[in-house]
Amino acid sequence: MILTQILIALLTGGVIAWAAENHRANTGRWISLLAILFSFGLLAEFSMDNPQLFHQYLRLANVEWISAFNIYYATGIDSLSFILIALTLVLGVICVLVSWQEITDKVGFYYFNLMASIAGIVGVFIATDLFLFFFFWEVMLLPMTALIAIWGHENRIYAATKFFIFTQVSSLLMLIGIIALAFIHQQQTGSLSFDYFTLKQMAINPEVEFYIMLGFFIAFAVKLPSFPVHTWLPDAHTQAPTAGSVLLAGVLLKTGAYGLIRFVLDMFPQASSDFANVAVVLGVISILYGAKLAFAQTDFKRLVAYSSISHMGFVMLALFSFQQISYHGAILTIVAHGLSSAALFSMAGMLYQRLHSRDLSAMGGMFSSAPRMGGMLLAFVAAAFGLPGLLNFVGEFMVLTGSFKTYPLHVIFASLGLIGSAIYGMYLFQQSFQGEAKHSITDLGKRELLICGSLLGLLICLGLFPELIFAHFPEQYIATVNETAVIGVNLTEASASELVSSHIASTNAVGSK
Amino acid sequence: MSSLELLAILPQLVLSLAIVLQLLLIAIRRSTLMIQAFTAISIVLAASAHFLVLPAINTQSTVLFYLDGFSLAISALVLFCAFIVCLVSGRYLKVSQEVHDEYYVLLLLVTLGASLLAISNHFASVFLGLELLSIALIGMVGYLRNRRQTLEASFKYLILSATASSILLFGMAMIYAYSGNLNFHHISNSFLAVNNPQMQLLFNVGSVLFIVGLAFKLSLAPFHMWTPDVYQGAPAPVSMLLATVSKTAIFAVLIKFWFFSVQYVSPNGEHQLLNVISFVAIASMLVGNILALQQTNIKRLLAYSSIAHMGYLLIILNVMSHESLQMAWESGLFYLLAYCLATLLIFTFICQTSKANNEQDNDNWQHWNGLFWRSPAQAAAMIFALLSLAGIPLTAGFIGKFYIISTAVNNDAWWLLASLVVGSGIGLYYYLRIIFTLFAKADNQHLIKLNRLSHAVIVCLSITILIFGILPDVISEEVRFFALSKFG
């Protein structure tokens, strides 16, 4: 039940923050911070106690929820979920810190939405019942939409509406896919099931499987976001408040990648390998197109937003090339992009607070007045274009190396994206901090230094020792994903249930302790 | 007539008796408050009679009525909606010394008509129920005679309702010519006896006319033209009645007619009638949602969105196998329930912010600017209702949509599903606009004050919507029971 505890901690934290803020100003942010740190502590303790647990995707809780449809409240975790939850919580802390002074209006409700959104995202990463997954998938969007629509910038209503409609309509396709899977299960065995592990082992007619896969794929591609369904992203990013952008870029986009790995690749191996060509081409187009458009922007946040499209294209390319190295690379890229885009958006927020503008043409020459800030921005830009020594480099390098084996031509084009990212990265830095001094601004404060420093520290640390992440992905687990995709090897039913029961025993031990 | 048969129609008997007593009451003493209380109490009595009726489930009561679980549930839902309407009408009408006793008589007549429709299983009782419902409603639509739009609305409703009734009658006559029986159950039986292509044609044409008649009353596209004007012109509580009670009851007739009579008529892949229904469904989903986009008047907007919702509901008629029938019954019941809850909530709010003596109701939703910051509880309730109509999780509407998609997937209705996705995508846009208006920075600071009663109604309804959305198990057992009892 540890995962549920994290969820509850986050949600109650949000509610208490809302209530407390109304009674006494400036308490909401502290409560939110404490709640996130507390959840992080829970997660850390859990992983210390059960280090062997994450190698296999396992169900932790299974409570009957909607008996009419045989739906369970079922949660589970493995290394992938673990890393993404950890990333979510780390960025959650960053989100609270960047909102510290930025939000002055309706503060209590703001922190409630922030916490609810974080809780929803954590829920997405832990659900093993497809209905529950869909439930969280939708629920995390509501507070996010509220964040954009209430605390966003000038064009916020338009951006929030676009964001919500894009994600809702695409996820409706996924819902149809989920229901279709459940009914196919009913036709085969006589009872409905929404359980991930059960449905994964079901044999489906290849043609039907392809269409169901497509439903899932579209939902995740919109979230990733991939060309041509990316148009919501620049608007949403630009209009969202800083914490909203951080959360969107840092983890919300990752739910798309997570869905691709967990559901599309794992549940429909045959259909996804049939579809791989299209997906890889979409990935390459996203890389080049995102980089090209990023360069054409004059708005700081818009530039970073388009660069996200470019970076997530690498993830798409990596996942659909079915190579172990590129799969590793995809995970690293997910984490790296989470950290570096969060950092860049935080920077954008700090600049906005000082200049009240995100317009690059109005900036310039700020290095002399704010050297620390300039240095940080240079470091993050360098991370984004893949400077060796930082995590992004390792991720993208592995993606390209791994995919070269299956898609050499595509990789050649994709690597042009690296040049593109160097160009727009330098353009971003030059426009804002180099050249003729147009503004004189205050340098980073302590809190801001903490935000940037910790993100940079993580990027360098993980960049030098990517093993810290790999250690959670032992060879055989990655190989399973790989082989499932190509050959279709699965864990046998017996060994899975054995693992589950041994695991439940161990969690009970943890609980009673 | 056995006592069981009498028991089966007990709620309807209670209502009829109440109407007679109402008339006597008016003759003795005229007081709005008294007659409102009397009406509310008699609805509650009729509703509680449903518990007594349970043993009589699956009873044929005279040739006209057949009580099964589905009818019972629909009848209870109708009474629930009528009860809420009765509660909120009081404050809306209280503007002068005028005594509004005829309003409540009409209200009970509408309720009785709807409740009769729910249990009717025979063309004669369907027609009687429909006319009782429609004619009383015409009176209510035109009730506030000083308003300009009211006259137009009631005329429109009168003429179209009469047209629909005659089309309906013509259809019934054709089906009678084919089957020689007016009872739903027997129509499909006679199909097995008559196997003549010409007679088959007669039946199909008759059914199409019957469905068109009902489509007029349900305001399905392309027979929807009257709806927005009538919704807008009618007093708010009457629009509420129209949107919930009348739609629920008429849809129940449609679904019963379809599943009892038509479903088995063409078992070997002839689906001409289904094509008609699918066309109407797709047209309703798209037309309703697209036309709702431009509305600034909440009553008109709800009218268009109700067209779309009835379109979604039609999806469940597309049932290809006997096994998925039960699912379809369940879906219909749950979706109607979710739709009624959300509609009641929004209309309650409109009723309570409007007064009968104003030129028109307070129905411009742009006036709700920043409501969330002034009265969070009411605004939150409205948001849940809107999300429920949009079919977003946490709300009953989502589970309703889940039911409908399940039925559609189970029966391979891919085109219908496609238009459901497109339709709800469009729908999201206008629901979101209203929600964002509620969250907007408030420029008008005047507080919208609701009295305690309607505040309580709104809060209770929103909690119910949430409970059915998060824990549908609390009700799905009952829904399943009522749907199952179809098969005896």
# chains A, B, ... in the order shown; residues from 1 in each chain; ligands from 1

$ interface_residues --of "chain B" --to "chain A" --cutoff "6 Å" --atoms "only C-alpha atoms" --output "JSON, numbers by chain"
{"B": [409, 425, 473]}

$ select_by_dssp --residues "segment 30-279 of chain B" --states "helix (DSSP H, G or I)" --output "ChimeraX atom specification"
/B:32-56,69-93,101-119,123-141,148-179,184-193,197-218,226-233,236-262,272-279

$ residues_around --residues "Leu464 of chain A" --least-positions-apart "3" --cutoff "12 Å" --atoms "only C-alpha atoms" --output "JSON, numbers by chain"
{"A": [387, 388, 389, 390, 391, 392, 393, 394, 395, 457, 458, 459, 460, 461, 467, 468, 469]}

$ atom_distance --atom1 "atom CA of Phe320 of chain A" --atom2 "atom CA of Ser226 of chain A"
13.3 Å

$ select_by_dssp --residues "segment 58-302 of chain A" --states "strand (DSSP E)" --output "MDAnalysis selection string"
chainID A and resid 58:66 71:77

$ write_last_selection --atoms "all heavy atoms" --output "compact mmCIF listing (two decimals), in the first residue's frame"
# COMPACT_ATOMS: atom_id res chain seq x y z
N LEU A 58 5.54 -5.63 -10.77
CA LEU A 58 4.73 -6.40 -9.83
C LEU A 58 3.56 -5.60 -9.31
O LEU A 58 3.62 -4.39 -9.21
CB LEU A 58 5.59 -6.79 -8.63
CG LEU A 58 6.55 -7.93 -8.86
CD1 LEU A 58 7.28 -8.22 -7.59
CD2 LEU A 58 5.80 -9.15 -9.33
N ARG A 59 2.53 -6.34 -8.96
CA ARG A 59 1.35 -5.71 -8.42
C ARG A 59 1.51 -5.59 -6.91
O ARG A 59 1.92 -6.55 -6.26
CB ARG A 59 0.14 -6.57 -8.76
CG ARG A 59 -1.16 -5.82 -8.66
CD ARG A 59 -2.32 -6.76 -8.74
NE ARG A 59 -2.54 -7.27 -10.06
CZ ARG A 59 -2.76 -8.57 -10.30
NH1 ARG A 59 -2.76 -9.43 -9.33
NH2 ARG A 59 -2.99 -8.98 -11.52
N LEU A 60 1.22 -4.42 -6.38
CA LEU A 60 1.39 -4.24 -4.94
C LEU A 60 0.05 -4.28 -4.21
O LEU A 60 -0.07 -4.82 -3.13
CB LEU A 60 2.06 -2.90 -4.63
CG LEU A 60 3.51 -2.75 -5.06
CD1 LEU A 60 4.07 -1.49 -4.46
CD2 LEU A 60 4.33 -3.93 -4.64
N ALA A 61 -0.96 -3.68 -4.80
CA ALA A 61 -2.25 -3.66 -4.13
C ALA A 61 -3.31 -4.10 -5.13
O ALA A 61 -3.14 -3.91 -6.33
CB ALA A 61 -2.57 -2.26 -3.63
N ASN A 62 -4.36 -4.69 -4.64
CA ASN A 62 -5.41 -5.14 -5.54
C ASN A 62 -6.72 -5.13 -4.77
O ASN A 62 -7.04 -6.07 -4.06
CB ASN A 62 -5.08 -6.55 -6.04
CG ASN A 62 -5.74 -6.83 -7.36
OD1 ASN A 62 -6.06 -5.91 -8.08
ND2 ASN A 62 -5.93 -8.10 -7.66
N VAL A 63 -7.46 -4.06 -4.88
CA VAL A 63 -8.70 -3.91 -4.13
C VAL A 63 -9.84 -3.79 -5.12
O VAL A 63 -9.73 -3.05 -6.11
CB VAL A 63 -8.65 -2.65 -3.25
CG1 VAL A 63 -9.92 -2.52 -2.44
CG2 VAL A 63 -7.44 -2.66 -2.37
N GLU A 64 -10.92 -4.50 -4.86
CA GLU A 64 -12.04 -4.44 -5.78
C GLU A 64 -12.62 -3.02 -5.78
O GLU A 64 -12.78 -2.40 -4.75
CB GLU A 64 -13.12 -5.43 -5.38
CG GLU A 64 -14.18 -5.54 -6.45
CD GLU A 64 -14.95 -6.83 -6.33
OE1 GLU A 64 -15.53 -7.03 -5.26
OE2 GLU A 64 -14.97 -7.61 -7.29
N TRP A 65 -12.91 -2.53 -6.98
CA TRP A 65 -13.38 -1.14 -7.06
C TRP A 65 -14.76 -1.09 -7.71
O TRP A 65 -15.74 -0.74 -7.04
CB TRP A 65 -12.34 -0.31 -7.82
CG TRP A 65 -12.68 1.13 -7.99
CD1 TRP A 65 -13.54 1.86 -7.23
CD2 TRP A 65 -12.18 2.01 -8.97
NE1 TRP A 65 -13.60 3.15 -7.68
CE2 TRP A 65 -12.77 3.28 -8.75
CE3 TRP A 65 -11.27 1.87 -10.04
CZ2 TRP A 65 -12.49 4.37 -9.56
CZ3 TRP A 65 -11.00 2.97 -10.82
CH2 TRP A 65 -11.61 4.21 -10.57
N ILE A 66 -14.86 -1.41 -8.98
CA ILE A 66 -16.17 -1.40 -9.63
C ILE A 66 -16.48 -2.82 -10.04
O ILE A 66 -15.99 -3.31 -11.06
CB ILE A 66 -16.16 -0.47 -10.85
CG1 ILE A 66 -15.71 0.93 -10.45
CG2 ILE A 66 -17.54 -0.40 -11.48
CD1 ILE A 66 -15.52 1.86 -11.61
N ILE A 71 -13.47 -4.23 -12.22
CA ILE A 71 -12.37 -3.27 -12.20
C ILE A 71 -11.77 -3.23 -10.80
O ILE A 71 -12.50 -3.23 -9.80
CB ILE A 71 -12.87 -1.87 -12.61
CG1 ILE A 71 -13.26 -1.89 -14.08
CG2 ILE A 71 -11.81 -0.82 -12.36
CD1 ILE A 71 -13.98 -0.66 -14.53
N TYR A 72 -10.46 -3.22 -10.74
CA TYR A 72 -9.77 -3.22 -9.46
C TYR A 72 -8.99 -1.94 -9.28
O TYR A 72 -8.55 -1.34 -10.26
CB TYR A 72 -8.82 -4.40 -9.36
CG TYR A 72 -9.52 -5.70 -9.14
CD1 TYR A 72 -10.06 -6.39 -10.21
CD2 TYR A 72 -9.66 -6.22 -7.86
CE1 TYR A 72 -10.72 -7.58 -10.01
CE2 TYR A 72 -10.32 -7.41 -7.65
CZ TYR A 72 -10.85 -8.08 -8.73
OH TYR A 72 -11.52 -9.25 -8.52
N TYR A 73 -8.81 -1.57 -8.01
CA TYR A 73 -7.83 -0.55 -7.71
C TYR A 73 -6.52 -1.30 -7.53
O TYR A 73 -6.25 -1.85 -6.48
CB TYR A 73 -8.20 0.22 -6.43
CG TYR A 73 -7.11 1.15 -5.98
CD1 TYR A 73 -6.99 2.41 -6.54
CD2 TYR A 73 -6.19 0.76 -5.02
CE1 TYR A 73 -5.97 3.25 -6.16
CE2 TYR A 73 -5.17 1.60 -4.64
CZ TYR A 73 -5.07 2.84 -5.22
OH TYR A 73 -4.05 3.68 -4.86
N ALA A 74 -5.73 -1.38 -8.59
CA ALA A 74 -4.52 -2.19 -8.56
C ALA A 74 -3.33 -1.32 -8.88
O ALA A 74 -3.33 -0.60 -9.86
CB ALA A 74 -4.63 -3.32 -9.58
N THR A 75 -2.33 -1.38 -7.99
CA THR A 75 -1.13 -0.59 -8.23
C THR A 75 0.08 -1.51 -8.30
O THR A 75 0.05 -2.62 -7.78
CB THR A 75 -0.90 0.43 -7.12
OG1 THR A 75 -0.76 -0.28 -5.90
CG2 THR A 75 -2.03 1.39 -7.01
N GLY A 76 1.10 -1.04 -8.94
CA GLY A 76 2.31 -1.85 -9.06
C GLY A 76 3.49 -0.97 -9.35
O GLY A 76 3.35 0.23 -9.61
N ILE A 77 4.66 -1.56 -9.30
CA ILE A 77 5.85 -0.75 -9.52
C ILE A 77 6.96 -1.60 -10.11
O ILE A 77 7.01 -2.81 -9.89
CB ILE A 77 6.30 -0.09 -8.19
CG1 ILE A 77 7.27 1.04 -8.46
CG2 ILE A 77 6.90 -1.12 -7.25
CD1 ILE A 77 7.51 1.93 -7.29

$ residues_around --residues "Val280 of chain A" --least-positions-apart "5" --cutoff "9 Å" --atoms "only C-alpha atoms" --output "list in words"
Phe275, Ile285, Gly313, Met316, Leu317, Ala318, Leu319, Phe320, Ser321, Tyr407 and His410 of chain A

$ write_last_selection --atoms "N, CA and C atoms" --output "tab-separated table (two decimals), in the first residue's frame"
chain	number	residue	atom	x	y	z
A	275	PHE	N	4.17	-1.33	-36.85
A	275	PHE	CA	3.94	0.11	-36.96
A	275	PHE	C	5.25	0.89	-36.83
A	285	ILE	N	10.85	13.17	-37.81
A	285	ILE	CA	10.25	14.45	-38.21
A	285	ILE	C	10.14	15.37	-36.99
A	313	GLY	N	11.23	13.50	-29.61
A	313	GLY	CA	11.35	12.72	-30.84
A	313	GLY	C	12.40	11.64	-30.70
A	316	MET	N	10.88	8.64	-29.04
A	316	MET	CA	10.05	7.87	-29.97
A	316	MET	C	10.92	7.02	-30.88
A	317	LEU	N	11.96	7.63	-31.43
A	317	LEU	CA	12.88	6.92	-32.31
A	317	LEU	C	13.49	5.72	-31.58
A	318	ALA	N	13.91	5.98	-30.34
A	318	ALA	CA	14.59	4.93	-29.59
A	318	ALA	C	13.66	3.76	-29.30
A	319	LEU	N	12.44	4.09	-28.88
A	319	LEU	CA	11.55	3.02	-28.43
A	319	LEU	C	11.17	2.10	-29.58
A	320	PHE	N	10.98	2.68	-30.77
A	320	PHE	CA	10.49	1.86	-31.86
A	320	PHE	C	11.62	1.25	-32.68
A	321	SER	N	12.88	1.38	-32.19
A	321	SER	CA	13.92	0.68	-32.92
A	321	SER	C	14.26	-0.66	-32.26
A	407	TYR	N	17.81	1.35	-38.02
A	407	TYR	CA	17.35	2.43	-38.90
A	407	TYR	C	18.51	3.38	-39.23
A	410	HIS	N	17.50	6.80	-40.93
A	410	HIS	CA	16.74	7.66	-40.03
A	410	HIS	C	17.66	8.31	-39.00

$ closest_residue --among "B:Lys156, B:Lys256, B:His271, B:Lys217" --to "Leu325 of chain B" --atoms "only C-alpha atoms"
B:Lys256

$ atom_distance --atom1 "atom CA of Val262 of chain B" --atom2 "atom CA of Leu220 of chain B"
19.3 Å

$ residues_around --residues "Val88 of chain B" --least-positions-apart "5" --cutoff "8 Å" --atoms "only C-alpha atoms" --output "list in words"
Pro237, Thr348, Cys351, Gln352 and Ser454 of chain B

$ write_last_selection --atoms "N, CA, C and O atoms" --output "compact mmCIF listing (two decimals), in the first residue's frame"
# COMPACT_ATOMS: atom_id res chain seq x y z
N PRO B 237 -38.04 26.35 -14.41
CA PRO B 237 -38.39 25.03 -13.87
C PRO B 237 -39.07 24.14 -14.91
O PRO B 237 -38.93 22.92 -14.86
N THR B 348 -31.37 23.85 -11.49
CA THR B 348 -31.70 24.36 -10.15
C THR B 348 -31.02 25.70 -9.94
O THR B 348 -31.62 26.65 -9.44
N CYS B 351 -32.80 28.35 -11.98
CA CYS B 351 -34.09 28.70 -11.38
C CYS B 351 -33.90 29.63 -10.19
O CYS B 351 -34.68 30.56 -10.01
N GLN B 352 -32.90 29.36 -9.40
CA GLN B 352 -32.76 30.10 -8.16
C GLN B 352 -32.17 31.48 -8.37
O GLN B 352 -32.21 32.32 -7.48
N SER B 454 -32.29 25.48 -1.82
CA SER B 454 -31.71 25.18 -3.13
C SER B 454 -30.20 24.98 -3.04
O SER B 454 -29.63 24.20 -3.79

$ residues_around --residues "Gly397 of chain B" --least-positions-apart "4" --cutoff "10 Å" --atoms "only C-alpha atoms" --output "short mmCIF file (atom, residue, chain, number, x, y, z; two decimals) with N, CA and C atoms, in the first residue's frame"
data_model
loop_
_atom_site.label_atom_id
_atom_site.label_comp_id
_atom_site.auth_asym_id
_atom_site.auth_seq_id
_atom_site.Cartn_x
_atom_site.Cartn_y
_atom_site.Cartn_z
N PHE B 334 -28.19 3.85 -16.59
CA PHE B 334 -27.16 4.62 -15.89
C PHE B 334 -26.95 5.97 -16.56
N TYR B 335 -26.95 5.97 -17.89
CA TYR B 335 -26.69 7.23 -18.58
C TYR B 335 -27.81 8.23 -18.31
N LEU B 336 -29.06 7.73 -18.36
CA LEU B 336 -30.18 8.63 -18.08
C LEU B 336 -30.06 9.21 -16.68
N LEU B 337 -29.66 8.35 -15.74
CA LEU B 337 -29.51 8.80 -14.36
C LEU B 337 -28.46 9.92 -14.27
N ALA B 338 -27.31 9.67 -14.89
CA ALA B 338 -26.23 10.66 -14.83
C ALA B 338 -26.65 11.96 -15.51
N TYR B 339 -27.29 11.81 -16.65
CA TYR B 339 -27.73 12.99 -17.40
C TYR B 339 -28.73 13.80 -16.58
N CYS B 340 -29.69 13.11 -15.96
CA CYS B 340 -30.71 13.82 -15.18
C CYS B 340 -30.08 14.55 -14.00
N LEU B 341 -29.16 13.89 -13.31
CA LEU B 341 -28.55 14.53 -12.14
C LEU B 341 -27.87 15.84 -12.53
N ALA B 342 -27.06 15.78 -13.59
CA ALA B 342 -26.32 16.97 -13.99
C ALA B 342 -27.26 18.06 -14.47
N PHE B 384 -18.83 20.26 -11.37
CA PHE B 384 -19.01 18.82 -11.41
C PHE B 384 -20.10 18.45 -12.40
N ALA B 385 -21.19 19.24 -12.39
CA ALA B 385 -22.29 18.94 -13.30
C ALA B 385 -21.82 19.09 -14.75
N LEU B 386 -21.08 20.14 -15.02
CA LEU B 386 -20.62 20.35 -16.40
C LEU B 386 -19.63 19.27 -16.82
N LEU B 387 -18.73 18.90 -15.89
CA LEU B 387 -17.79 17.84 -16.21
C LEU B 387 -18.53 16.53 -16.43
N SER B 388 -19.61 16.35 -15.67
CA SER B 388 -20.39 15.13 -15.82
C SER B 388 -21.03 15.10 -17.20
N LEU B 389 -21.58 16.23 -17.63
CA LEU B 389 -22.16 16.28 -18.97
C LEU B 389 -21.09 16.05 -20.02
N ALA B 390 -19.88 16.53 -19.75
CA ALA B 390 -18.80 16.35 -20.72
C ALA B 390 -18.21 14.95 -20.64
N GLY B 391 -18.55 14.21 -19.59
CA GLY B 391 -18.06 12.83 -19.48
C GLY B 391 -16.62 12.73 -19.03
N ILE B 392 -16.22 13.54 -18.07
CA ILE B 392 -14.85 13.51 -17.56
C ILE B 392 -14.84 12.71 -16.26
N PRO B 393 -13.79 11.94 -16.00
CA PRO B 393 -13.76 11.11 -14.79
C PRO B 393 -13.96 11.89 -13.49
N LYS B 401 -20.77 7.40 -19.81
CA LYS B 401 -20.13 7.32 -21.12
C LYS B 401 -19.38 6.00 -21.25
N PHE B 402 -18.79 5.58 -20.16
CA PHE B 402 -18.07 4.30 -20.16
C PHE B 402 -19.04 3.16 -20.52
N TYR B 403 -20.23 3.20 -19.90
CA TYR B 403 -21.26 2.20 -20.20
C TYR B 403 -21.59 2.23 -21.69
N ILE B 465 -23.42 13.07 -7.78
CA ILE B 465 -22.70 12.92 -9.05
C ILE B 465 -21.29 12.38 -8.80
N LEU B 466 -20.64 12.92 -7.77
CA LEU B 466 -19.28 12.48 -7.46
C LEU B 466 -19.26 11.03 -6.99
N PHE B 468 -21.43 8.62 -7.58
CA PHE B 468 -21.68 7.69 -8.69
C PHE B 468 -20.49 7.66 -9.65
N GLY B 469 -19.70 8.73 -9.64
CA GLY B 469 -18.56 8.76 -10.54
C GLY B 469 -17.36 8.03 -9.98
#

$ residues_around --residues "Leu303 of chain A" --least-positions-apart "3" --cutoff "9 Å" --atoms "only C-alpha atoms" --output "list of chain:residue names"
A:Pro234, A:Ala291, A:Leu293, A:Ala294, A:Phe295, A:Ala296, A:Gln297, A:Thr298, A:Asp299, A:Phe300, A:Tyr306, A:Ser307, A:Ser308, A:Tyr424, A:Leu428

$ decode --residues "segment 9-16 of chain B" --atoms "all heavy atoms" --output "CSV table (one decimal), in the first residue's frame"
chain,number,residue,atom,x,y,z
B,9,ILE,N,-49.4,-1.1,-10.3
B,9,ILE,CA,-49.5,0.3,-10.7
B,9,ILE,C,-49.8,1.3,-9.6
B,9,ILE,O,-50.3,2.3,-9.7
B,9,ILE,CB,-50.6,0.5,-11.8
B,9,ILE,CG1,-51.9,-0.1,-11.3
B,9,ILE,CG2,-50.2,-0.2,-13.1
B,9,ILE,CD1,-53.1,0.2,-12.1
B,10,LEU,N,-49.3,0.8,-8.4
B,10,LEU,CA,-49.6,1.6,-7.2
B,10,LEU,C,-49.1,3.1,-7.3
B,10,LEU,O,-49.8,4.0,-7.0
B,10,LEU,CB,-49.0,0.9,-6.0
B,10,LEU,CG,-49.3,1.5,-4.6
B,10,LEU,CD1,-50.8,1.5,-4.4
B,10,LEU,CD2,-48.6,0.8,-3.5
B,11,PRO,N,-47.8,3.3,-7.7
B,11,PRO,CA,-47.3,4.7,-7.8
B,11,PRO,C,-48.2,5.5,-8.6
B,11,PRO,O,-48.5,6.7,-8.3
B,11,PRO,CB,-45.9,4.5,-8.4
B,11,PRO,CG,-45.5,3.2,-8.1
B,11,PRO,CD,-46.8,2.3,-8.1
B,12,GLN,N,-48.7,5.0,-9.8
B,12,GLN,CA,-49.5,5.8,-10.7
B,12,GLN,C,-50.9,6.0,-10.0
B,12,GLN,O,-51.4,7.1,-10.2
B,12,GLN,CB,-49.7,5.0,-12.0
B,12,GLN,CG,-48.4,5.0,-12.9
B,12,GLN,CD,-47.3,4.1,-12.3
B,12,GLN,OE1,-47.6,3.1,-11.6
B,12,GLN,NE2,-46.1,4.4,-12.7
B,13,LEU,N,-51.4,5.1,-9.3
B,13,LEU,CA,-52.7,5.3,-8.6
B,13,LEU,C,-52.5,6.4,-7.5
B,13,LEU,O,-53.4,7.2,-7.4
B,13,LEU,CB,-53.1,4.0,-7.9
B,13,LEU,CG,-53.5,2.9,-8.9
B,13,LEU,CD1,-53.9,1.6,-8.1
B,13,LEU,CD2,-54.7,3.3,-9.7
B,14,VAL,N,-51.4,6.3,-6.8
B,14,VAL,CA,-51.2,7.4,-5.8
B,14,VAL,C,-51.2,8.8,-6.5
B,14,VAL,O,-51.8,9.7,-6.0
B,14,VAL,CB,-49.8,7.1,-5.1
B,14,VAL,CG1,-49.5,8.3,-4.2
B,14,VAL,CG2,-49.9,5.9,-4.3
B,15,LEU,N,-50.5,8.8,-7.6
B,15,LEU,CA,-50.4,10.1,-8.3
B,15,LEU,C,-51.8,10.6,-8.8
B,15,LEU,O,-52.1,11.8,-8.6
B,15,LEU,CB,-49.5,10.0,-9.5
B,15,LEU,CG,-48.0,10.1,-9.2
B,15,LEU,CD1,-47.2,9.9,-10.5
B,15,LEU,CD2,-47.6,11.4,-8.6
B,16,SER,N,-52.6,9.7,-9.3
B,16,SER,CA,-53.9,10.0,-9.8
B,16,SER,C,-54.8,10.5,-8.6
B,16,SER,O,-55.4,11.6,-8.8
B,16,SER,CB,-54.6,8.8,-10.5
B,16,SER,OG,-53.7,8.1,-11.2
